[in-house]
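Asks: Submitted below is the structure of interest, expressed as structure tokens.
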Amino acid sequence: MSSQTAVPDDNTAALDFLHLAVAPRTEGKPREKGLTMVMDQGWPIEFVDGMLDAFGSYLDVVKLWDPLLLSSVRHVRRRVEAYLKHDVLVQPGGLFLEVAEQQDKTGEVLKRLRDFGFDCVEVSSTTSTRGTLDEHSELVRAAVDLGYRVVGEVGRKFADGDETRLAEHVIDIDVTVGEFTRLLEAGAWKVYWEGHLLRMVMGDDPDGIRAQAGTGTQQVLEVARQVGQDNIMFEVSGLRPKQNRQWLQFWLVRTFGPDVNIANARIEEMANLEAIRRGNHPIFGFGNAGNYPWMRTGSSVERWWRA
Amino acid sequence: MSSQTAVPDDNTAALDFLHLAVAPRTEGKPREKGLTMVMDQGWPIEFVDGMLDAFGSYLDVVKLWDPLLLSSVRHVRRRVEAYLKHDVLVQPGGLFLEVAEQQDKTGEVLKRLRDFGFDCVEVSSTTSTRGTLDEHSELVRAAVDLGYRVVGEVGRKFADGDETRLAEHVIDIDVTVGEFTRLLEAGAWKVYWEGHLLRMVMGDDPDGIRAQAGTGTQQVLEVARQVGQDNIMFEVSGLRPKQNRQWLQFWLVRTFGPDVNIANARIEEMANLEAIRRGNHPIFGFGNAGNYPWMRTGSSVERWWRA
Amino acid sequence: MSSQTAVPDDNTAALDFLHLAVAPRTEGKPREKGLTMVMDQGWPIEFVDGMLDAFGSYLDVVKLWDPLLLSSVRHVRRRVEAYLKHDVLVQPGGLFLEVAEQQDKTGEVLKRLRDFGFDCVEVSSTTSTRGTLDEHSELVRAAVDLGYRVVGEVGRKFADGDETRLAEHVIDIDVTVGEFTRLLEAGAWKVYWEGHLLRMVMGDDPDGIRAQAGTGTQQVLEVARQVGQDNIMFEVSGLRPKQNRQWLQFWLVRTFGPDVNIANARIEEMANLEAIRRGNHPIFGFGNAGNYPWMRTGSSVERWWRA
């Protein structure tokens, strides 16, 4: 057996201790790009703590999924605190802010959510008749005044009534860019791009993604060019099967590079997503492109994610 | 930043604190309808504790999945106690009672399971040559005498040898109603309706469910009309992919309303199921029907789940 | 209610306490066959502890999935210790040893991984240009000298460049047997057979598996005959949907019996896999063969897994 080397018991990155180089991250926390957002779907708080203890440095924003508000005040408070302790922005699900709008309680609910400790809020319109853009800009400003980091949202889960699409699979680029711009000008820090829209437009599995690479992905690229890629948080639904989620996360990294902002990841898959960002994870269905691109290129290619 | 409001650190429902109205539940625990049963597939006990701490008020019955009995006495005892502490009825998987029947140890095993703390037991016949109905009625009575809440089961996982079906997708309504009635008359509190049977009969995905809406779902409705909806616990397999599980849970709520009894949910999805019951969860594949029906109707429609 | 029997609070097997017989295991730990290997994909350490507390006696080897090395030294050490405490061999993901090869640091990295507490190591070549067999044999010997239990690997995730296959679905039996033999002769304890290769060759769902039963499965059987079944650890990817994983685990048990070595299981499914090994778990898609074969045959058939 080898003579025992002193192994530190600290937060040194394990790979540094091993003297192994991997594709690096451009920024550490707090980041302005390469953001990972997780939708907390309700694992126990101790479970969350354990995940953050291991991989908290890769998590920037968490959304406490709407059904979590079906629990108690005590529970929600403890959950929010678990994330704040790890310097993660904590946002409530967007749904109840829409309920609040319906029930004319936006101001009060925003204040009370702030009292809970939430420091990030989403301005979206998933289900309600979409308010005028003016009203949304106003809501963004009100939230900023309350001390929130505000994330807007563009696009809707269901194509029916989504004015940012010309058809289920086709973006209206001008309307889309207009909404992004308006939200950002009103003070939004970043803007989510709705995930169910994206999977319709970009495809949801390798065959679809490749088939739509020349159409949907090109539209998405054009929007990103006009809006600024770093302003967009691309949602990839955490409710889809794991395979589909990975295919799209991989495709976003392949298209936009490791510094793409990805939203709606699952907390138990932070390391998985991080490995996809670093090009060290196998993704099937895209031929050799998914075959550990960073490792395969021996780190000798500058834009290895295109290899 | 807003001035700090005192946030209570107690079991006040978070939504009440926010002064937000959502679709209410008809009954709190102990419930006689709107029951949720979870099949515990073996998460760590601390994980179970954490889930119950958050959402225990939505859980009525748990079944400790058969493979869990492959662990130690100490472990099973602690697991049972974790649920009892949260006023959840605890039942062992039905399989080993069938093994006990084969090995002529039913009486002894029932007694020892009771000593473990189990206070609910299932009388089913998943695999064994189905005993006569008389024998099952007798077993129900014996279990009731031992202090158990007894849940019967109608239907079998595999169509081969299932006398409650005329074909894989077709129920024999008379035989089915007869078995429900017999079990209830013998003292069963509720009766599970086998989930793999139901997904064959009602469909397993949106296309199938819609295609069988006029046939399978109508048969299920007719059985429920004759037996009494509240007497039936509809199983939706926790071993199927999450999507399929959600589609069927949604369809049961849409068909029978939020007070339908749903069995075999997964413990990590209690909040998810609760949100489906409340009409505040998006379900894809059913057009606008799955588009947050309670929110979308603005709570102004009495039977919003049909909207 | 029954009079209370004294229930021990110890590690007695729950089924023994119930006096229920189930299909037994041939060997307890440490095993030489019937091995279960889990790929730890990053659950919190407390979660791992809880799973091992319940089902640790069914786990023989764990691989800490490569992305886990993206966490801190402190975290990796604690994770390794959690498994060692339960007498589980702990191996790092194979990827970083390949990175080390690329970066000419194999010797150093092997030593440092040993210092972390890892006591098992995999010699594979997933992505790198495959080194000569001589180099791999040398690496096996070096690892053995450092005190490692060494597990080799045959086959590659991507067919492109995999010399053990004649086509995506066809094994080159001679080359395959040659690689197994070489690795074993060099000192490997066992050898993984790559899971993505196996699902191509044996099929990935019931239709495929049955269609390839006379071709792919026969090839796998022939390799096992020449190499010795107990020397092979059959991988079933823990990244595939749960259904596909279960279908293949079932098929391996059906083909090779309960003492087949199965790798890449998920830690939350140890009890599930154990139940499949014991013939007490329903598997759909294979007709009656998946219908609880041990129970169904009443334990009266010697090779019940073929029933």
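Labels for the structure tokens follow display order: chains A, B, ..., residues from 1 in each chain, ligands from 1.
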With DSSP run on the backbone, what are the helix (DSSP H, G or I) residues within stretch 55-168 of chain A? I'd like them as a count of residues only.
Replies: 53
Asks: Please provide as a ChimeraX atom specification all residues within 10 Å of stretch 243-253 of chain B, with the sequence filter that same-chain residues fewer than 4 positions apart are discarded (counting only C-alpha atoms).
Replies: /A:239-241 /B:34,195,198-199,202-206,209-210,213,217,234-239,257-266,269,272-273,275-279,281-286,289-290,305-306
Asks: Between atom CA of B:Trp43 and atom CA of B:Arg79, measure the distance and give it in Å to one decimal.
Replies: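 Interatomic distance, atom CA of B:Trp43 to atom CA of B:Arg79: 9.9 Å.
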Asks: Which neighbours of A:Val76 fall inside 12 Å, counting only C-alpha atoms, when residues of the same chain fewer than 3 positions from it are skipped, and could you give them as JSON, numbers by chain?
Replies: {"A": [40, 42, 44, 45, 64, 65, 66, 67, 68, 69, 70, 71, 72, 73, 79, 80, 81, 82, 83, 90, 91, 92, 113, 115, 116, 117, 118], "B": [7, 8, 9, 10, 11, 12, 13, 14, 15, 17, 18, 53, 54, 55]}
Asks: Please provide as a PyMOL selection string all residues within 10 Å of A:Gly152, with the sequence filter that same-chain residues fewer than 2 positions apart are discarded (counting only C-alpha atoms).
Replies: chain A and resi 94+121-125+136-137+140+150+154+179-180+182-184+186-193+232-233
Asks: Selected residues, N, CA, C and O atoms, written as a JSON list (two decimals), in the first residue's frame, please.
Replies:
[["chain", "number", "residue", "atom", "x", "y", "z"],
["A", 94, "GLY", "N", -43.57, 31.29, -9.60],
["A", 94, "GLY", "CA", -44.24, 32.45, -10.18],
["A", 94, "GLY", "C", -45.76, 32.41, -10.06],
["A", 94, "GLY", "O", -46.44, 33.42, -10.17],
["A", 121, "VAL", "N", -37.48, 37.49, -7.33],
["A", 121, "VAL", "CA", -38.87, 37.26, -7.68],
["A", 121, "VAL", "C", -39.01, 37.25, -9.20],
["A", 121, "VAL", "O", -38.26, 37.91, -9.91],
["A", 122, "GLU", "N", -39.96, 36.45, -9.66],
["A", 122, "GLU", "CA", -40.16, 36.29, -11.09],
["A", 122, "GLU", "C", -41.42, 37.02, -11.50],
["A", 122, "GLU", "O", -42.45, 36.91, -10.84],
["A", 123, "VAL", "N", -41.34, 37.76, -12.57],
["A", 123, "VAL", "CA", -42.53, 38.40, -13.12],
["A", 123, "VAL", "C", -42.88, 37.67, -14.41],
["A", 123, "VAL", "O", -42.18, 37.76, -15.40],
["A", 124, "SER", "N", -43.94, 36.89, -14.33],
["A", 124, "SER", "CA", -44.31, 36.08, -15.48],
["A", 124, "SER", "C", -45.81, 36.14, -15.66],
["A", 124, "SER", "O", -46.52, 36.78, -14.92],
["A", 125, "SER", "N", -46.29, 35.46, -16.66],
["A", 125, "SER", "CA", -47.73, 35.41, -16.87],
["A", 125, "SER", "C", -48.07, 34.10, -17.54],
["A", 125, "SER", "O", -48.37, 34.02, -18.70],
["A", 136, "HIS", "N", -46.60, 44.98, -16.52],
["A", 136, "HIS", "CA", -45.50, 44.13, -16.09],
["A", 136, "HIS", "C", -44.27, 44.97, -15.76],
["A", 136, "HIS", "O", -43.55, 44.67, -14.80],
["A", 137, "SER", "N", -44.02, 45.99, -16.53],
["A", 137, "SER", "CA", -42.87, 46.85, -16.24],
["A", 137, "SER", "C", -43.04, 47.49, -14.87],
["A", 137, "SER", "O", -42.09, 47.61, -14.09],
["A", 140, "VAL", "N", -42.25, 44.98, -12.18],
["A", 140, "VAL", "CA", -40.81, 44.82, -12.05],
["A", 140, "VAL", "C", -40.24, 45.93, -11.17],
["A", 140, "VAL", "O", -39.49, 45.69, -10.22],
["A", 150, "VAL", "N", -35.01, 40.91, -9.68],
["A", 150, "VAL", "CA", -36.18, 40.52, -10.45],
["A", 150, "VAL", "C", -35.77, 39.77, -11.70],
["A", 150, "VAL", "O", -34.86, 40.19, -12.42],
["A", 154, "VAL", "N", -40.33, 35.36, -20.47],
["A", 154, "VAL", "CA", -40.88, 35.54, -21.81],
["A", 154, "VAL", "C", -41.35, 34.18, -22.32],
["A", 154, "VAL", "O", -40.65, 33.18, -22.14],
["A", 179, "GLU", "N", -40.28, 41.92, -25.87],
["A", 179, "GLU", "CA", -40.62, 41.62, -24.47],
["A", 179, "GLU", "C", -39.38, 41.53, -23.59],
["A", 179, "GLU", "O", -39.36, 42.02, -22.46],
["A", 180, "PHE", "N", -38.34, 40.85, -24.11],
["A", 180, "PHE", "CA", -37.08, 40.79, -23.36],
["A", 180, "PHE", "C", -36.60, 42.21, -23.04],
["A", 180, "PHE", "O", -36.26, 42.54, -21.90],
["A", 182, "ARG", "N", -38.12, 45.12, -23.00],
["A", 182, "ARG", "CA", -38.98, 45.86, -22.09],
["A", 182, "ARG", "C", -38.74, 45.46, -20.63],
["A", 182, "ARG", "O", -38.62, 46.32, -19.75],
["A", 183, "LEU", "N", -38.64, 44.15, -20.41],
["A", 183, "LEU", "CA", -38.42, 43.66, -19.05],
["A", 183, "LEU", "C", -37.06, 44.11, -18.51],
["A", 183, "LEU", "O", -36.92, 44.54, -17.36],
["A", 184, "LEU", "N", -36.04, 44.02, -19.38],
["A", 184, "LEU", "CA", -34.70, 44.41, -18.94],
["A", 184, "LEU", "C", -34.64, 45.91, -18.67],
["A", 184, "LEU", "O", -34.05, 46.36, -17.69],
["A", 186, "ALA", "N", -37.02, 47.73, -17.70],
["A", 186, "ALA", "CA", -37.77, 48.05, -16.48],
["A", 186, "ALA", "C", -36.98, 47.70, -15.22],
["A", 186, "ALA", "O", -37.38, 48.06, -14.12],
["A", 187, "GLY", "N", -35.86, 46.98, -15.40],
["A", 187, "GLY", "CA", -35.04, 46.69, -14.22],
["A", 187, "GLY", "C", -34.83, 45.22, -13.94],
["A", 187, "GLY", "O", -34.20, 44.87, -12.92],
["A", 188, "ALA", "N", -35.34, 44.35, -14.81],
["A", 188, "ALA", "CA", -35.11, 42.92, -14.59],
["A", 188, "ALA", "C", -33.62, 42.62, -14.70],
["A", 188, "ALA", "O", -32.94, 43.14, -15.58],
["A", 189, "TRP", "N", -33.15, 41.75, -13.79],
["A", 189, "TRP", "CA", -31.73, 41.37, -13.79],
["A", 189, "TRP", "C", -31.45, 40.41, -14.94],
["A", 189, "TRP", "O", -30.50, 40.57, -15.70],
["A", 190, "LYS", "N", -32.30, 39.41, -15.06],
["A", 190, "LYS", "CA", -32.24, 38.43, -16.14],
["A", 190, "LYS", "C", -33.67, 38.13, -16.55],
["A", 190, "LYS", "O", -34.61, 38.52, -15.85],
["A", 191, "VAL", "N", -33.83, 37.38, -17.63],
["A", 191, "VAL", "CA", -35.18, 37.01, -18.06],
["A", 191, "VAL", "C", -35.20, 35.53, -18.44],
["A", 191, "VAL", "O", -34.39, 35.08, -19.25],
["A", 192, "TYR", "N", -36.10, 34.77, -17.80],
["A", 192, "TYR", "CA", -36.30, 33.37, -18.19],
["A", 192, "TYR", "C", -36.94, 33.31, -19.56],
["A", 192, "TYR", "O", -37.83, 34.10, -19.89],
["A", 193, "TRP", "N", -36.51, 32.31, -20.31],
["A", 193, "TRP", "CA", -37.21, 32.01, -21.56],
["A", 193, "TRP", "C", -37.89, 30.67, -21.33],
["A", 193, "TRP", "O", -37.22, 29.67, -21.00],
["A", 232, "ILE", "N", -30.33, 36.17, -20.84],
["A", 232, "ILE", "CA", -31.37, 35.14, -20.96],
["A", 232, "ILE", "C", -31.04, 33.97, -20.06],
["A", 232, "ILE", "O", -29.91, 33.48, -20.04],
["A", 233, "MET", "N", -32.03, 33.49, -19.30],
["A", 233, "MET", "CA", -31.90, 32.22, -18.58],
["A", 233, "MET", "C", -32.77, 31.22, -19.32],
["A", 233, "MET", "O", -34.01, 31.32, -19.32]]
Asks: Do a neighbour search on A:Glu222 at 12 Å with only C-alpha atoms, toss out local chain neighbours closer than 5 positions, and write the hits as an NGL selection string.
Replies: :A and (171-174 or 176-177 or 214-217 or 227-229 or 255-256)
Asks: Could you write out that same residue set with N, CA, C and O atoms as a short mmCIF file (atom, residue, chain, number, x, y, z; two decimals), in the first residue's frame?
Replies:
data_model
loop_
_atom_site.label_atom_id
_atom_site.label_comp_id
_atom_site.auth_asym_id
_atom_site.auth_seq_id
_atom_site.Cartn_x
_atom_site.Cartn_y
_atom_site.Cartn_z
N ILE A 171 -41.08 30.92 -33.33
CA ILE A 171 -41.01 32.15 -32.54
C ILE A 171 -41.38 33.35 -33.40
O ILE A 171 -41.04 33.41 -34.57
N ASP A 172 -42.04 34.32 -32.78
CA ASP A 172 -42.14 35.65 -33.38
C ASP A 172 -40.97 36.45 -32.83
O ASP A 172 -40.99 36.93 -31.69
N ILE A 173 -39.93 36.56 -33.65
CA ILE A 173 -38.68 37.13 -33.14
C ILE A 173 -38.86 38.56 -32.65
O ILE A 173 -38.38 38.93 -31.58
N ASP A 174 -39.58 39.37 -33.41
CA ASP A 174 -39.70 40.78 -33.02
C ASP A 174 -40.46 40.93 -31.70
O ASP A 174 -40.03 41.68 -30.82
N THR A 176 -40.78 38.70 -29.41
CA THR A 176 -39.95 38.11 -28.35
C THR A 176 -38.87 39.08 -27.89
O THR A 176 -38.71 39.34 -26.69
N VAL A 177 -38.14 39.62 -28.85
CA VAL A 177 -37.07 40.57 -28.50
C VAL A 177 -37.67 41.78 -27.79
O VAL A 177 -37.12 42.29 -26.80
N GLY A 214 -31.64 23.86 -37.93
CA GLY A 214 -31.54 24.94 -38.92
C GLY A 214 -32.68 25.92 -38.83
O GLY A 214 -32.64 27.00 -39.46
N THR A 215 -33.70 25.61 -38.06
CA THR A 215 -34.86 26.51 -37.96
C THR A 215 -34.97 27.04 -36.52
O THR A 215 -34.57 28.17 -36.24
N GLY A 216 -35.48 26.21 -35.61
CA GLY A 216 -35.72 26.67 -34.24
C GLY A 216 -34.47 27.19 -33.56
O GLY A 216 -34.46 28.29 -32.99
N THR A 217 -33.40 26.40 -33.60
CA THR A 217 -32.17 26.83 -32.92
C THR A 217 -31.65 28.14 -33.53
O THR A 217 -31.14 29.01 -32.82
N VAL A 227 -30.76 40.23 -27.96
CA VAL A 227 -31.04 40.54 -26.55
C VAL A 227 -29.76 40.53 -25.71
O VAL A 227 -29.66 41.24 -24.70
N GLY A 228 -28.80 39.76 -26.15
CA GLY A 228 -27.59 39.54 -25.34
C GLY A 228 -27.73 38.22 -24.61
O GLY A 228 -28.60 38.09 -23.74
N GLN A 229 -26.90 37.25 -24.96
CA GLN A 229 -27.04 35.89 -24.43
C GLN A 229 -27.07 35.86 -22.90
O GLN A 229 -27.84 35.12 -22.29
N THR A 255 -24.54 24.87 -28.22
CA THR A 255 -24.90 26.03 -29.03
C THR A 255 -24.29 27.32 -28.49
O THR A 255 -23.78 28.15 -29.24
N PHE A 256 -24.33 27.49 -27.16
CA PHE A 256 -23.95 28.78 -26.57
C PHE A 256 -22.67 28.72 -25.74
O PHE A 256 -22.21 29.74 -25.26
#
